[in-house]
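Below is one structure; the comments refer to it alone.
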Amino acid sequence: MLAKLSTRRCALAGAVGLALLGTGLPTATRTNGADLSRFYDQKIAWSRCEGMSAADDLQCGKVTVPLDYANPRSGTLDLALARYRATGRARGSVLLNFGGPGGAGVGELAAGGDEFMGLAKGYDVVSFDPRGVGRSSPVSCGDDTEAALAAEGGDDPRALLRQLKRVAAACAEHSGPVLPHIGTVDAARDLDVMRAALGDKKLNYLGFSYGTRLGAVYAAQFPKKVGRLVLDGVDTLTEPLTEQGRVGAEGQQTALEDFIDWCVDDVACPFGQDARKAREQVVRLVGSLDEDPVPTDWGYDFSGQDLVGAIGQALYSRELWPLLERALAQLVEDGDTRGIEAFSSGGTALPAFAAADGELADEDEVPPDNLAAALMAINCADDPDRPTADEITRDLGRLRSAYEKASPVFGRYRLTEVLTCYGRPKGTDFIREKVRDVDTPKMLLVGTRGDPATPYRWTVETAKRLGDSAVVLDNKGDGHTGYASSKCVQRKVDAFLLYGSLPPSGSSCGSEQDTS
């Protein structure tokens with residue numbers, strides 16, 4: 001699930017895709033007898049961030065990790081990091097992952113770092129671009145990212161499957177050697193290398209949305225290295241992608257209806273003042289743009305599915321609703337896509353870039369479709385289910401009906417996310433089978449009742465699965481994740497990370513004020 005913690009940055013929520021790898025519980029400095037000490041012994045050389053809009057006190061660096069942990073001599077990757085130095089006495093670093101999968105942490109920290117300055121009282125605040133993301137050997141599907149998001153196939157499932165196979169081949173062609181090694185199991189191993197390179201004996205970590213999956217996998221792989229760990233907007237560890245997609249469509253539909261109810265109370269709402277008619281207008285707008293896309297200044301045609309992806313991004317935070325209303329008014333009244341495009345990268349065509357040498361990419365070398373392509377790759381790498389062509393052909397009608405029932409707006413988009421795993425390597429079963437009953441210090445899980453992307457029940461289910469170490473904080477507000485939208489959540493999270501003060505499991509934060 002894609003977290004959009006900072007309301008300053010919005011990007012394309014794409015599809016779900018390719019890769020595999022990772023089994024077994026590793027020891028830190030050896031895997032299958034391979035010596036990893038040169039990676040664990042490295043030190044980070046920090047310097048002022050160049051070539052990006054960032055505060056003067058933001059520092060950038062990199063760590064080097066194996067391309068393949070099972071065969072560390074086969075090549076290396078450089079991973080981009082950024083940090084704000086502690087303003088008080090540092091007890092080490094706290095690593096942040098903003099979600100995705102596919103979210104680039106360096107740019108997010110540069111844009112939204114002010115939200116975490118409370119943590120700088122006791123930590124260097126650090127984030128990173130995971131492997132395959134941002135400047136860390138970014139993956140891409142070339143022009144075929146747009147094809148993946150528009151995949152439909154009409155009444156011919158076999159035509160759809162052929163199209164998805166072409167997309168999978170394009171992703172492999174444009175992404176370079178990182179693609180088969182991009183899943184969360186490898187990313188969690190990278191986290192442990194970062195921990196050591198930062199000089200920390202234990203990992204202190206704050207993960208949002210997909211970042212909660214990454215944190216849980218780390219806890220299962222390295223239970224003795226867990227320090228203070230917080231998971232906000234908790235992802236599922238067990239549900240198959242087909243169910244995740246349906247639940248996601250349902251949650252986004254609820255959020256859209258809440259937005260429409262808010263919008264029609266404003267005379268500037270482009271859909272009028274009748275909520276039922278406004279919902280029908282949104283469905284018609286998506287359909288008309290799919291039939292007749294609008295040319296954009298970026299040289300591609302803006303389709304109904306592009307609109308669905310952009311709206312989905314804006315619904316993650318109520319703070320974005322006024323901007324979404326204005327952007328939709330521009331589109332409906334003037335045919336101007338620029339406002340709504342601000343909520344997405346647009347899935348534009350890109351110069352192919354594959355970091356074959358594993359070195360950091362420059363900012364202008366990161367493909368515009370990187371978020372979508374990485375989301376494809378990582379989600380499918382983490383999912384072991386691969387239905388056959390016959391099974392998909394048999395089940396496609398039922399799936400379309402279920403997704404359409406979940407959301408007439410987001411259903412097709414979310415089903416396409418699931419189907420893009422077809423033709424790609426089977427993912428690991430490590431997360432589904434091994435991430436359970438972790439023997440770690442207490443960790444804090446934050447679930448938000450009105451979360452459109454990660455439903456509260458996932459927090460409860462994941463806490464039960466992780467075992468006695470998991471402590472749940474019930475945030476009774478709305479929006480995706482709680483830290484940025486609830487002062488109560490932020491206080492409790494900061495108190496745990498800074499001072500080890502953990503609220504009793506079952507404590508709550510009200511939608512407007514603390515009701516613990």
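The chains in the structure tokens are called A, B, ... from first to last as shown; in each chain the residues are counted from 1, and the ligands are counted from 1 in the order shown.
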Quick one: residues within 8 Å of range 213-220 of chain A, only C-alpha atoms counted, chain neighbours fewer than 6 positions away excluded, as a list of chain:residue names? A:Leu25, A:Thr184, A:Val185, A:Ala187, A:Ala188, A:Arg189, A:Leu191, A:Asp192, A:Tyr205, A:Gly207, A:Val226, A:Leu229, A:Leu231, A:Val234, A:Asp235, A:Thr236, A:Leu237, A:Ile431, A:Lys434, A:Val435, A:Arg436, A:Val438, A:Asp439, A:Thr440, A:Leu466
I need the residues from that last selection saved to file as an mmCIF file, in the first residue's frame (with C-alpha atoms), if you can.
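After the write, result32.cif holds the following:
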data_model
loop_
_atom_site.group_PDB
_atom_site.id
_atom_site.type_symbol
_atom_site.label_atom_id
_atom_site.label_comp_id
_atom_site.auth_asym_id
_atom_site.auth_seq_id
_atom_site.Cartn_x
_atom_site.Cartn_y
_atom_site.Cartn_z
ATOM 1 C CA LEU A 25 16.304 -16.544 8.226
ATOM 2 C CA THR A 184 11.014 -6.728 0.687
ATOM 3 C CA VAL A 185 13.106 -9.639 1.960
ATOM 4 C CA ALA A 187 15.187 -4.601 1.304
ATOM 5 C CA ALA A 188 15.048 -5.713 4.943
ATOM 6 C CA ARG A 189 18.558 -7.106 4.622
ATOM 7 C CA LEU A 191 18.076 -2.123 6.390
ATOM 8 C CA ASP A 192 20.406 -4.140 8.556
ATOM 9 C CA TYR A 205 12.545 2.575 12.848
ATOM 10 C CA GLY A 207 7.555 2.863 8.865
ATOM 11 C CA VAL A 226 15.259 -4.599 16.823
ATOM 12 C CA LEU A 229 10.092 0.037 16.105
ATOM 13 C CA LEU A 231 4.502 0.673 12.293
ATOM 14 C CA VAL A 234 -0.280 -1.358 9.088
ATOM 15 C CA ASP A 235 -0.150 -3.491 5.953
ATOM 16 C CA THR A 236 -1.428 -7.041 5.741
ATOM 17 C CA LEU A 237 1.052 -9.903 5.919
ATOM 18 C CA ILE A 431 6.335 -13.056 4.429
ATOM 19 C CA LYS A 434 7.672 -16.838 8.346
ATOM 20 C CA VAL A 435 6.728 -13.365 9.561
ATOM 21 C CA ARG A 436 4.907 -14.358 12.743
ATOM 22 C CA VAL A 438 8.556 -12.455 16.450
ATOM 23 C CA ASP A 439 10.806 -12.566 19.491
ATOM 24 C CA THR A 440 11.587 -8.861 19.755
ATOM 25 C CA LEU A 466 3.393 -10.770 15.255
#
Test item, strand (DSSP E or B) assignment across range 39-116 of chain A, answer as a JSON list (two decimals) with C-alpha atoms, in the first residue's frame:
[["chain", "number", "residue", "atom", "x", "y", "z"],
["A", 47, "SER", "CA", 27.95, 15.70, 2.67],
["A", 48, "ARG", "CA", 25.57, 18.48, 1.71],
["A", 58, "LEU", "CA", 20.02, 18.05, 5.06],
["A", 59, "GLN", "CA", 22.97, 15.74, 4.40],
["A", 60, "CYS", "CA", 23.21, 13.00, 1.79],
["A", 61, "GLY", "CA", 25.24, 9.81, 1.65],
["A", 62, "LYS", "CA", 25.12, 6.24, 0.40],
["A", 63, "VAL", "CA", 25.64, 2.66, 1.49],
["A", 64, "THR", "CA", 26.75, -0.21, -0.71],
["A", 65, "VAL", "CA", 24.88, -3.51, -0.52],
["A", 66, "PRO", "CA", 25.11, -6.80, -2.44],
["A", 76, "THR", "CA", 26.72, -4.36, -5.72],
["A", 77, "LEU", "CA", 24.17, -1.55, -5.46],
["A", 78, "ASP", "CA", 24.52, 1.90, -3.97],
["A", 79, "LEU", "CA", 21.54, 3.04, -1.92],
["A", 80, "ALA", "CA", 20.86, 6.76, -1.46],
["A", 81, "LEU", "CA", 20.41, 8.09, 2.10],
["A", 82, "ALA", "CA", 19.63, 11.48, 3.62],
["A", 83, "ARG", "CA", 19.62, 12.70, 7.20],
["A", 84, "TYR", "CA", 18.94, 15.60, 9.50],
["A", 93, "SER", "CA", 19.61, 7.16, 14.26],
["A", 94, "VAL", "CA", 15.95, 6.54, 13.51],
["A", 95, "LEU", "CA", 15.29, 5.23, 10.00],
["A", 96, "LEU", "CA", 12.10, 6.29, 8.21],
["A", 97, "ASN", "CA", 10.31, 4.55, 5.36]]
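Nearest to Ala172 in chain A of all the residues A:Gly112, A:Gly447, A:Pro503, A:Gly423 is A:Gly423, counting only C-alpha atoms.
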I'd like the neighbourhood of Arg412 in chain A as a ChimeraX atom specification, where a residue qualifies if any of its atoms comes within 9 Å (using only C-alpha atoms), though same-chain residues fewer than 5 positions away should be ignored. /A:152,249,305,400,403-404,407,417
Assign secondary structure with DSSP using the backbone only, and return the residues of range 200-286 of chain A in helix (DSSP H, G or I) as a ChimeraX atom specification. /A:210-221,223-225,241-263,275-286
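Atom pair CA of Phe430 in chain A / CA of Pro101 in chain A has a distance of 17.2 Å (rounded to one decimal).
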Would you mind telling me which residue in A:Ala377, A:Leu289, A:Ala34, A:Val418 lies nearest to Gly248 in chain A when using only C-alpha atoms? A:Val418
Quick one: pull the distance between CA of Tyr210 in chain A and CA of Phe98 in chain A, Å, one decimal.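 One can read the CA of Tyr210 in chain A to CA of Phe98 in chain A distance as 7.7 Å.
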Find, counting only C-alpha atoms, the residue in A:Ala169, A:Leu109, A:Leu198, A:Val133 that gets nearest to Glu365 in chain A.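 Result for the nearest residue to Glu365 in chain A: A:Val133.
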Fewer than 5 positions away in the same chain doesn't count, so skip those; otherwise give me all residues within 8 Å of range 492-498 of chain A, counting only C-alpha atoms, as number ranges by chain. A: 118-119, 121-123, 204, 228-230, 444, 483, 503
Save out the residues we just selected, C-alpha atoms, as an mmCIF file, in the first residue's frame.
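After the write, selection.cif holds the following:
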data_model
loop_
_atom_site.group_PDB
_atom_site.id
_atom_site.type_symbol
_atom_site.label_atom_id
_atom_site.label_comp_id
_atom_site.auth_asym_id
_atom_site.auth_seq_id
_atom_site.Cartn_x
_atom_site.Cartn_y
_atom_site.Cartn_z
ATOM 1 C CA GLY A 118 10.570 16.346 17.197
ATOM 2 C CA LEU A 119 12.485 13.104 16.740
ATOM 3 C CA LYS A 121 15.746 15.874 19.815
ATOM 4 C CA GLY A 122 17.241 12.434 20.307
ATOM 5 C CA TYR A 123 18.097 10.996 16.892
ATOM 6 C CA ASN A 204 15.166 2.268 15.551
ATOM 7 C CA ARG A 228 12.308 0.826 19.052
ATOM 8 C CA LEU A 229 10.092 0.037 16.105
ATOM 9 C CA VAL A 230 6.850 1.796 15.065
ATOM 10 C CA LEU A 444 4.071 0.012 18.486
ATOM 11 C CA TYR A 483 1.424 10.426 12.572
ATOM 12 C CA PRO A 503 1.160 3.280 25.740
#
Point out the residue among A:Val126, A:Ala70, A:Leu419, A:Ala310 with the least atom-to-atom distance to Glu108 in chain A, counting only C-alpha atoms.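 Selected residue with least distance to Glu108 in chain A: A:Val126.
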Nearest to Thr388 in chain A among A:Ala168, A:Ala255, A:Leu161, A:Leu331, with distances taken over only C-alpha atoms: which residue is it?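 Comparing A:Ala168, A:Ala255, A:Leu161, A:Leu331 against Thr388 in chain A, the winner is A:Leu161.
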